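Here's upload_7.tsv, which has TSV, C-alpha atoms:
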chain	number	residue	atom	x	y	z
A	1	MET	CA	0.00	0.00	0.00
A	2	ALA	CA	1.30	3.45	-0.88
A	3	SER	CA	2.43	5.57	2.01
A	4	LEU	CA	0.37	8.68	2.75
A	5	LYS	CA	3.55	10.35	3.97
A	6	ALA	CA	5.21	10.49	0.55
A	7	LYS	CA	5.27	14.14	-0.44
A	8	TYR	CA	5.76	13.93	-4.22
A	9	ARG	CA	5.00	10.32	-5.12
A	10	GLY	CA	1.75	11.22	-6.84
A	11	ARG	CA	3.01	14.43	-8.46
A	12	LEU	CA	6.69	14.20	-9.22
A	13	PRO	CA	8.19	17.58	-10.19
A	14	LEU	CA	11.02	15.93	-12.13
A	15	ASN	CA	9.43	16.38	-15.57
A	16	SER	CA	8.70	20.07	-15.06
A	17	GLY	CA	11.77	21.29	-16.94
A	18	GLN	CA	13.41	22.56	-13.74
A	19	ILE	CA	16.98	21.40	-13.22
A	20	PHE	CA	17.59	19.09	-10.27
A	21	LEU	CA	21.05	18.41	-8.99
A	22	THR	CA	21.87	15.24	-7.10
A	23	ASP	CA	24.95	13.94	-5.35
A	24	SER	CA	28.16	12.45	-6.73
A	25	GLY	CA	30.24	9.30	-6.26
A	26	MET	CA	29.32	8.63	-2.66
A	27	GLU	CA	31.23	5.41	-2.13
A	28	THR	CA	34.42	6.55	-3.88
A	29	THR	CA	34.28	9.85	-1.97
A	30	LEU	CA	33.88	8.14	1.39
A	31	ILE	CA	36.61	5.60	0.67
A	32	PHE	CA	39.26	7.67	-1.10
A	33	HIS	CA	38.66	11.15	0.36
A	34	ASP	CA	37.32	10.36	3.82
A	35	GLY	CA	39.33	7.21	4.40
A	36	LEU	CA	36.38	5.03	5.42
A	37	ASP	CA	36.23	1.27	5.03
A	38	LEU	CA	33.13	0.24	3.08
A	39	PRO	CA	33.08	-3.53	2.57
A	40	CYS	CA	31.29	-4.41	-0.69
A	41	PHE	CA	30.89	-0.65	-1.37
A	42	ALA	CA	27.94	-0.77	1.03
A	43	SER	CA	27.43	2.76	2.31
A	44	PHE	CA	24.12	1.86	3.99
A	45	THR	CA	26.12	0.15	6.75
A	46	LEU	CA	27.16	3.60	7.98
A	47	LEU	CA	23.62	4.07	9.28
A	48	GLN	CA	24.40	1.58	12.05
A	49	SER	CA	26.33	4.16	14.11
A	50	GLN	CA	25.91	7.81	15.08
A	51	ASP	CA	29.31	8.66	13.60
A	52	GLY	CA	28.35	6.98	10.35
A	53	ILE	CA	25.04	8.83	10.20
A	54	ALA	CA	26.88	12.11	10.75
A	55	ARG	CA	29.26	11.29	7.89
A	56	VAL	CA	26.38	10.52	5.55
A	57	ARG	CA	24.49	13.65	6.59
A	58	ASP	CA	27.54	15.85	5.99
A	59	TYR	CA	28.06	14.32	2.55
A	60	TYR	CA	24.52	15.09	1.41
A	61	ALA	CA	24.46	18.51	3.03
A	62	ARG	CA	27.56	19.52	1.08
A	63	HIS	CA	25.76	18.78	-2.18
A	64	ALA	CA	22.42	20.23	-1.06
A	65	LYS	CA	24.10	23.55	-0.34
A	66	ILE	CA	25.34	23.70	-3.95
A	67	ALA	CA	21.77	23.28	-5.18
A	68	LYS	CA	20.51	25.90	-2.74
A	69	ARG	CA	23.06	28.47	-3.91
A	70	GLY	CA	22.21	27.89	-7.56
A	71	GLY	CA	18.44	27.87	-7.16
A	72	PHE	CA	18.11	24.24	-8.27
A	73	GLY	CA	15.93	21.45	-7.02
A	74	PHE	CA	17.61	18.38	-5.59
A	75	VAL	CA	17.16	14.60	-5.67
A	76	LEU	CA	18.12	12.93	-2.41
A	77	GLU	CA	19.28	9.44	-3.42
A	78	THR	CA	19.32	7.13	-0.42
A	79	PRO	CA	22.65	5.38	0.34
A	80	THR	CA	21.06	1.99	-0.41
A	81	TRP	CA	22.68	0.90	-3.69
A	82	ARG	CA	23.91	-2.29	-1.97
A	83	ALA	CA	20.97	-2.67	0.43
A	84	ASN	CA	19.47	-5.79	-1.14
A	85	ARG	CA	19.34	-9.38	0.06
A	86	ASP	CA	22.46	-10.91	-1.50
A	87	TRP	CA	24.82	-8.09	-0.60
A	88	ALA	CA	23.41	-7.91	2.92
A	89	GLY	CA	24.04	-11.62	3.28
A	90	LYS	CA	27.70	-11.14	2.38
A	91	LEU	CA	27.90	-8.55	5.14
A	92	GLY	CA	26.19	-10.73	7.76
A	93	ILE	CA	23.12	-8.50	7.91
A	94	SER	CA	19.75	-10.15	8.55
A	95	ALA	CA	16.58	-9.52	6.57
A	96	ALA	CA	15.06	-7.57	9.47
A	97	GLU	CA	18.18	-5.45	9.87
A	98	LEU	CA	18.24	-4.82	6.12
A	99	ALA	CA	14.64	-3.61	6.09
A	100	ASP	CA	15.37	-1.32	9.04
A	101	ALA	CA	18.40	0.11	7.23
A	102	ASN	CA	16.34	0.87	4.13
A	103	ARG	CA	13.75	2.64	6.25
A	104	ALA	CA	16.40	4.54	8.19
A	105	ALA	CA	17.95	5.76	4.95
A	106	VAL	CA	14.64	7.29	3.85
A	107	ALA	CA	14.09	8.85	7.28
A	108	LEU	CA	17.50	10.54	7.09
A	109	MET	CA	16.71	11.91	3.63
A	110	ALA	CA	13.41	13.27	4.98
A	111	GLU	CA	15.32	15.10	7.71
A	112	LEU	CA	17.62	16.63	5.12
A	113	ARG	CA	14.63	17.68	3.03
A	114	ASP	CA	13.11	19.43	6.03
A	115	GLU	CA	16.39	21.29	6.49
A	116	PHE	CA	17.07	22.42	2.92
A	117	GLU	CA	13.87	22.44	0.83
A	118	THR	CA	12.13	25.69	-0.12
A	119	PRO	CA	8.84	26.21	-2.01
A	120	SER	CA	10.76	26.97	-5.22
A	121	GLN	CA	13.42	24.28	-4.71
A	122	PRO	CA	11.78	20.88	-4.20
A	123	PHE	CA	13.85	18.09	-2.68
A	124	VAL	CA	12.68	14.71	-3.97
A	125	ILE	CA	13.49	11.49	-2.09
A	126	SER	CA	14.61	8.69	-4.41
A	127	ASP	CA	15.34	5.19	-3.16
A	128	ASN	CA	18.55	3.99	-4.77
A	129	ILE	CA	18.42	0.37	-5.94
A	130	GLY	CA	21.51	-1.36	-7.26
A	131	PRO	CA	21.98	-4.55	-9.24
A	132	ARG	CA	21.79	-7.94	-7.57
A	133	GLY	CA	25.25	-8.72	-8.90
A	134	ASP	CA	28.26	-6.66	-9.89
A	135	GLY	CA	27.44	-3.39	-11.63
A	136	TYR	CA	30.36	-3.90	-14.01
A	137	ASP	CA	29.90	-7.61	-14.72
A	138	PRO	CA	26.57	-9.05	-15.95
A	139	SER	CA	27.80	-12.65	-15.89
A	140	ARG	CA	25.07	-13.69	-13.43
A	141	LYS	CA	21.76	-12.76	-14.99
A	142	MET	CA	18.16	-13.21	-13.89
A	143	SER	CA	15.00	-13.45	-15.92
A	144	ALA	CA	12.65	-10.48	-15.69
A	145	ARG	CA	10.38	-12.56	-13.44
A	146	GLU	CA	13.23	-13.44	-11.10
A	147	ALA	CA	14.34	-9.82	-10.98
A	148	GLN	CA	10.81	-8.68	-10.15
A	149	ASP	CA	10.61	-11.10	-7.23
A	150	TYR	CA	14.10	-10.32	-5.96
A	151	HIS	CA	13.99	-6.53	-6.10
A	152	GLY	CA	10.34	-6.47	-5.06
A	153	GLU	CA	11.50	-7.14	-1.50
A	154	GLN	CA	13.41	-3.86	-1.25
A	155	ILE	CA	10.83	-1.89	-3.21
A	156	GLY	CA	8.09	-3.21	-0.95
A	157	VAL	CA	9.90	-1.79	2.07
A	158	PHE	CA	10.34	1.56	0.36
A	159	ALA	CA	6.66	1.68	-0.57
A	160	GLY	CA	5.78	2.07	3.10
A	161	THR	CA	8.07	5.07	3.64
A	162	GLN	CA	8.20	8.73	2.66
A	163	ALA	CA	10.06	7.85	-0.55
A	164	ASP	CA	8.78	9.58	-3.66
A	165	LEU	CA	10.21	7.11	-6.19
A	166	VAL	CA	12.78	4.37	-6.67
A	167	SER	CA	15.76	4.65	-9.00
A	168	ALA	CA	17.64	1.59	-10.22
A	169	PHE	CA	21.27	2.43	-10.96
A	170	THR	CA	24.05	0.68	-12.83
A	171	MET	CA	21.72	-1.62	-14.71
A	172	ASN	CA	23.90	-3.61	-17.08
A	173	TYR	CA	21.39	-5.90	-18.76
A	174	ILE	CA	17.80	-5.49	-19.87
A	175	ASP	CA	15.90	-8.23	-18.01
A	176	GLU	CA	16.87	-6.95	-14.57
A	177	ALA	CA	15.67	-3.48	-15.54
A	178	ILE	CA	12.35	-4.89	-16.74
A	179	GLY	CA	11.90	-6.82	-13.50
A	180	ILE	CA	12.58	-3.75	-11.37
A	181	ALA	CA	10.13	-1.65	-13.37
A	182	ARG	CA	7.43	-4.31	-12.97
A	183	ALA	CA	8.12	-4.63	-9.24
A	184	ALA	CA	7.81	-0.86	-8.83
A	185	GLN	CA	4.55	-0.88	-10.73
A	186	ALA	CA	3.21	-3.69	-8.54
A	187	HIS	CA	3.94	-1.53	-5.48
A	188	ALA	CA	2.59	1.67	-7.10
A	189	MET	CA	6.01	3.30	-6.90
A	190	PRO	CA	7.29	5.59	-9.67
A	191	VAL	CA	10.57	4.27	-11.03
A	192	VAL	CA	13.62	5.52	-12.89
A	193	ILE	CA	15.93	3.10	-14.70
A	194	SER	CA	19.58	4.05	-15.13
A	195	PHE	CA	21.76	2.01	-17.48
A	196	THR	CA	25.54	1.87	-17.49
A	197	VAL	CA	27.53	1.54	-20.69
A	198	GLU	CA	31.03	0.60	-21.77
A	199	THR	CA	33.44	2.89	-23.63
A	200	ASP	CA	31.63	2.06	-26.89
A	201	GLY	CA	28.33	3.43	-25.58
A	202	LYS	CA	26.73	-0.04	-25.36
A	203	LEU	CA	25.57	-2.03	-22.36
A	204	PRO	CA	28.09	-4.60	-21.07
A	205	THR	CA	25.87	-7.25	-22.69
A	206	GLY	CA	26.21	-5.56	-26.09
A	207	GLU	CA	22.79	-3.93	-26.52
A	208	THR	CA	22.57	-0.28	-27.50
A	209	LEU	CA	21.00	2.28	-25.19
A	210	LYS	CA	18.25	2.66	-27.78
A	211	ASP	CA	17.45	-1.05	-27.71
A	212	ALA	CA	17.57	-1.18	-23.91
A	213	ILE	CA	15.23	1.77	-23.40
A	214	MET	CA	12.81	0.77	-26.12
A	215	THR	CA	12.68	-2.84	-24.89
A	216	VAL	CA	11.96	-1.87	-21.28
A	217	ASP	CA	9.28	0.55	-22.46
A	218	ARG	CA	7.70	-2.11	-24.65
A	219	GLU	CA	7.72	-4.76	-21.91
A	220	THR	CA	6.39	-2.47	-19.15
A	221	GLY	CA	3.97	-0.21	-20.97
A	222	ALA	CA	6.54	2.62	-20.71
A	223	TYR	CA	6.16	2.55	-16.93
A	224	PRO	CA	9.50	4.22	-15.99
A	225	VAL	CA	9.14	7.95	-15.40
A	226	TYR	CA	12.34	8.39	-17.40
A	227	TYR	CA	15.73	6.79	-17.91
A	228	MET	CA	19.22	7.80	-16.85
A	229	ILE	CA	22.80	6.94	-17.73
A	230	ASN	CA	25.31	6.43	-14.93
A	231	CYS	CA	28.75	5.00	-14.18
A	232	ALA	CA	30.26	5.96	-17.54
A	233	HIS	CA	32.28	8.98	-18.63
A	234	PRO	CA	30.35	11.51	-20.77
A	235	THR	CA	32.60	10.75	-23.75
A	236	HIS	CA	31.57	7.09	-23.59
A	237	PHE	CA	27.93	7.79	-24.43
A	238	ARG	CA	27.93	11.16	-26.19
A	239	ASP	CA	27.78	9.68	-29.69
A	240	ALA	CA	25.08	7.21	-28.65
A	241	VAL	CA	22.72	10.03	-27.65
A	242	ALA	CA	23.57	12.40	-30.51
A	243	THR	CA	21.16	10.81	-32.99
A	244	GLY	CA	18.21	13.15	-32.41
A	245	GLU	CA	15.82	10.18	-32.49
A	246	ALA	CA	12.59	10.11	-30.49
A	247	TRP	CA	13.87	7.65	-27.86
A	248	ILE	CA	16.38	10.28	-26.73
A	249	GLY	CA	13.45	12.12	-25.15
A	250	ARG	CA	13.14	9.32	-22.58
A	251	ILE	CA	16.52	10.18	-21.02
A	252	GLY	CA	15.86	12.41	-18.01
A	253	GLY	CA	19.12	12.32	-16.07
A	254	LEU	CA	22.88	11.76	-16.09
A	255	ARG	CA	25.38	10.64	-13.46
A	256	GLY	CA	28.72	10.21	-15.18
A	257	ASN	CA	32.06	8.91	-13.99
A	258	ALA	CA	34.98	11.29	-13.52
A	259	SER	CA	37.39	8.94	-15.30
A	260	ARG	CA	37.59	8.07	-18.97
A	261	LYS	CA	38.80	4.58	-18.02
A	262	SER	CA	36.79	1.48	-18.89
A	263	HIS	CA	34.93	-0.49	-16.24
A	264	ALA	CA	37.64	-3.16	-16.32
A	265	GLU	CA	40.36	-0.56	-15.78
A	266	LEU	CA	38.45	1.07	-12.93
A	267	ASP	CA	37.82	-2.29	-11.30
A	268	ALA	CA	41.56	-3.00	-11.26
A	269	SER	CA	42.57	0.48	-10.11
A	270	THR	CA	43.82	1.11	-6.57
A	271	GLU	CA	43.92	4.91	-6.92
A	272	LEU	CA	41.13	7.40	-7.51
A	273	ASP	CA	40.93	9.05	-10.93
A	274	ALA	CA	39.00	12.27	-10.29
A	275	GLY	CA	39.36	13.55	-13.85
A	276	ASP	CA	38.84	17.26	-14.44
A	277	PRO	CA	35.81	18.76	-12.62
A	278	LEU	CA	35.75	21.86	-14.85
A	279	GLU	CA	35.74	19.77	-18.02
A	280	PHE	CA	33.09	17.51	-16.46
A	281	GLY	CA	30.77	20.48	-15.98
A	282	VAL	CA	31.28	21.72	-19.53
A	283	GLN	CA	30.58	18.26	-20.90
A	284	HIS	CA	27.24	18.19	-19.09
A	285	ALA	CA	26.26	21.53	-20.57
A	286	GLU	CA	27.03	20.09	-24.01
A	287	LEU	CA	25.06	16.93	-23.27
A	288	ARG	CA	22.03	18.95	-22.21
A	289	ARG	CA	21.93	20.45	-25.69
A	290	LEU	CA	21.58	16.91	-27.02
A	291	LEU	CA	19.30	15.79	-24.18
A	292	PRO	CA	16.92	18.65	-23.40
A	293	ARG	CA	14.88	16.46	-21.03
A	294	ALA	CA	17.92	15.46	-18.97
A	295	CYS	CA	17.14	17.59	-15.94
A	296	VAL	CA	18.59	15.46	-13.10
A	297	LEU	CA	22.35	15.89	-13.02
A	298	GLY	CA	25.03	14.53	-10.71
A	299	GLY	CA	28.06	12.28	-10.62
A	300	CYS	CA	29.11	8.68	-10.14
A	301	CYS	CA	32.46	6.96	-9.52
A	302	GLY	CA	35.36	9.32	-8.87
A	303	THR	CA	33.25	12.45	-8.70
A	304	ASP	CA	32.64	14.59	-5.62
A	305	HIS	CA	30.98	17.89	-4.74
A	306	ARG	CA	33.45	19.78	-6.99
A	307	HIS	CA	32.11	18.01	-10.07
A	308	VAL	CA	28.50	18.73	-9.11
A	309	GLU	CA	29.42	22.36	-8.46
A	310	GLN	CA	30.89	22.64	-11.97
A	311	ILE	CA	27.70	21.12	-13.43
A	312	ALA	CA	25.77	23.83	-11.58
A	313	PHE	CA	28.05	26.56	-12.94
A	314	ALA	CA	27.71	25.21	-16.48
A	315	CYS	CA	23.90	25.06	-16.24
A	316	GLU	CA	23.80	28.62	-14.90
A	317	ALA	CA	25.94	29.77	-17.82
A	318	MET	CA	23.58	28.09	-20.30
A	319	ALA	CA	20.59	29.83	-18.76
A	320	ALA	CA	22.22	33.27	-18.76
Representation of the structure as structure tokens:
Amino acid sequence: MASLKAKYRGRLPLNSGQIFLTDSGMETTLIFHDGLDLPCFASFTLLQSQDGIARVRDYYARHAKIAKRGGFGFVLETPTWRANRDWAGKLGISAAELADANRAAVALMAELRDEFETPSQPFVISDNIGPRGDGYDPSRKMSAREAQDYHGEQIGVFAGTQADLVSAFTMNYIDEAIGIARAAQAHAMPVVISFTVETDGKLPTGETLKDAIMTVDRETGAYPVYYMINCAHPTHFRDAVATGEAWIGRIGGLRGNASRKSHAELDASTELDAGDPLEFGVQHAELRRLLPRACVLGGCCGTDHRHVEQIAFACEAMAA
């Protein structure tokens, strides 16, 4: 049953044309900049301690302040990318503890919204869902039915919270994306699907972004609110979205990597490649000319608040 506490679930402002910033590469920031240990890249485990909660709060507040200064809206993505059954099992976290962590993540985002939102700058709470397996390696794949059952557990928890929507990030094959969209629909939750691509602009399984988006739309009655691209450098997908075709209008957000390296290179890297934040911002301004509906902008691996700040500056320059 849908929660009556969800502020925007029935009237999402994300298709209004207003620009919404979001955060950056949370896990890489916490590990490489803040020196934290995050087994399995699971940032939701920080919610188990007061110090961890403070760290998470400070991270989001830093980004929220950038949006406030620029007059943008903001999407508060919960730190729950790894908060699903298999990853929790690897961390020794029970099903009950996992559900509590997902709820606690939404509650923290609601507190941040109360602190930073204004009538002209809506702060939308999005529940971040990650893949069941490795975001870079689709070797273990589920059917759409299996994915619906698996991810439906986490989405069902979110449906009873103040969350406005769920967003599935780093989707690297089509069937898992279809299953998540169907699970969200079954729980009456708006959903965003974000695909990752390799350096050639294609999914790790070889499909084009066009095929992936059109297939999910066909199999779900176009249920996703919009699609995003994440965990790839802007140069990796620029040509793929430069066609001007109708499907491009379904892309509503971008969260790129700082590095131009491939997924395999990043996976083997022991040092952070933060790229060039200024260039990153300029590239997003250029991408928005190709993707006029891409109104949710942030970062992924290797990025931090500096990259989001440069996106804000670039968007302000475009509007001037």
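Pairwise distance (atom CA of Phe116 of chain A, atom CA of Ala317 of chain A) equals 23.7 Å.
By chain and then residue number, the residues within 8 Å of Leu290 of chain A are Val241, Ala242 and Gly244 of chain A, counting all atoms listed in the file and disregarding those fewer than 6 positions away in sequence.
Proximity to Val296 of chain A was assessed for A:Arg103, A:His263, A:Arg255, A:Arg238 counting only C-alpha atoms; the smallest distance is recorded for A:Arg255.
Among the candidates A:His236, A:Arg9, A:Arg289, A:His284, the residue lying nearest to Leu254 of chain A is A:His284 (atoms considered: only C-alpha atoms).
Minimum distance to Phe313 of chain A across A:Arg82, A:His151, A:Arg69, A:Arg62 (counting all atoms listed in the file) occurs at A:Arg69.
If all atoms listed in the file are the atoms counted, then among A:Asp127, A:Glu146, A:Asp34, A:Glu286 the closest residue to Glu77 of chain A is A:Asp127.
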